[in-house]
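Participant: Provided herewith is a single structure, encoded as structure tokens, for subsequent inquiry.
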Amino acid sequence: MHDPRVPETLEGWSVLHQMFRIRWPEWRVRPEDLRHRLAAEAAEALGAMRRGEAGTTVPVTLLGHKGDLMLIHLRRSFEELQAAQVAVARLGLSTFLEATASFVSVVELGMYEMTAQIHRRLGERGLRTGSEEFEKAFDAEMEEQRKRVLGRLFLEVPARRHVCFYPMSKRRGETRNWYAESVDARARMMLEHGKIGRHYAGAVTQIISGAIGFDDWEWGVDLFADDPLVFKKLIYEMRFDEASAWYAEFGPFYVGLQFPPSELAAYLEGGVPGPPTAS
């Protein structure tokens with residue numbers, strides 16, 4: 001049943017983030033020809049995972065101690081995510097990769113305002129919430145909305161150099177509980193929250209994915225930009241809005257450089273991989 005207290009969501013790509021630490025001491029002592037062969041095999045496999053409408057895999061170097069390499073897999077289903085995870089595990093290079101973290105989620109668009117509008121429209125038509133007629137009409141309305149925003153649900157990852165990923169949840173503490181607020185209050189706060197993000201529309205590409213029931217945090221946020229300072233300014237400004245100041249809990253931040261699979265060998269040999277190019 002469609003509960004008016006619960007904002008509807010529309011879902012797109014299934015997403016898996018994999019974070020690895022490279023066992024550099026073990027890698028460096030291997031013969032040069034073996035390193036080159038394993039790097040070439042991995043680069044070819046990652047390149048084959050960039051499949052356009054069927055999904056993609058984005059390799060990212062990581063800055064700091066949390067890891068060296070992050071792979072962002074976007075696919076049409078969890079089965080395809082599983083296939084990507086197994087493909088990475090079967091690479092010869094995987095012997096030198098130590099998993100440090102992962103995150104499972106699905107690209108999500110929250111429909112706070114639209115949920116309220118649909119409930120209101122159907123009520124004006126005399127349909128009773130919970131009735132079979134209401135449920136069918138509601139599902140039809142949501143399907144129309146899904147068609148309208150399909151490009152945002154299955155968006156193409158931009159060829160922007162800098163990447164920031166972090167998980168987050170909404171607070172459920174004793175004094176502040178996001179889920180205990182009314183749907184109108186939550187909608188108002190999310191509207192204000194979204195206005196800040198729109199100020200940075202040309203400077204950053206944002207992908208929000210839902211992880212409730214899939215992982216330890218409730219959402220994942222991927223940011224792509226040409227200038228990494230945009231991450232700092234955007235997230236700092238958002239800290240002051242009501243939804244974040246009172247209710248946001250943030251997980252670890254992962255920041256690094258996106259690169260094409262063809263640059264993997266350069267990275268493994270101690271260089272900084274070159275930037276991605278627009279397809």
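Chain lettering (A, B, ...) mirrors the order of the structure tokens, residue numbering begins at 1 for each chain separately, and ligand numbering begins at 1 in order of display.
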Select from region 50-237 of chain A everything DSSP, run on the backbone, classes as strand (DSSP E), then give the selection as a ChimeraX atom specification.
Facilitator: /A:55-62,69-75,97-111,162-170,204-210,219-225
Participant: Find the residues near region 42-54 of chain A: any atom within 10 Å, counting only C-alpha atoms, skip ones fewer than 2 places away on the same chain, and give them as a ChimeraX atom specification.
Facilitator: /A:13,36-40,56-59,71,73-77,80,84,87-88,90-94,154-157,260-265,279
Participant: Near Ser244 (chain A), within 12 Å and counting only C-alpha atoms, which residues show up once chain neighbours fewer than 3 positions away are dropped, as a ChimeraX atom specification?
Facilitator: /A:168-171,176,178,186,189-190,192-194,196,235-241,247-250
Participant: Tell me, counting only C-alpha atoms, for each residue of region 180-256 of chain A within 12 Å of region 114-117 of chain A, which pair of atoms is nearest and how far apart they are in Å to one decimal, in rows ordered by chain and increasing number, as a tab-separated table.
Facilitator:
```
residue	atom	partner	partner_atom	distance
A:Val183	CA	A:Ala116	CA	8.8
A:Asp184	CA	A:Ala116	CA	8.6
A:Arg186	CA	A:Ala116	CA	11.7
A:Ala187	CA	A:Ala116	CA	9.2
A:Arg188	CA	A:Ala116	CA	11.8
A:Leu191	CA	A:Met114	CA	11.8
```
Participant: Please provide as a ChimeraX atom specification all residues within 12 Å of region 127-142 of chain A, with the sequence filter that same-chain residues fewer than 3 positions apart are discarded (counting only C-alpha atoms).
Facilitator: /A:1-5,7-11,109-111,114-124,145-150
Participant: For Gly256 (chain A), find every residue with an atom within 8 Å (counting only C-alpha atoms), except residues of its own chain fewer than 5 positions away, and show them as a ChimeraX atom specification.
Facilitator: /A:60-63,162-164
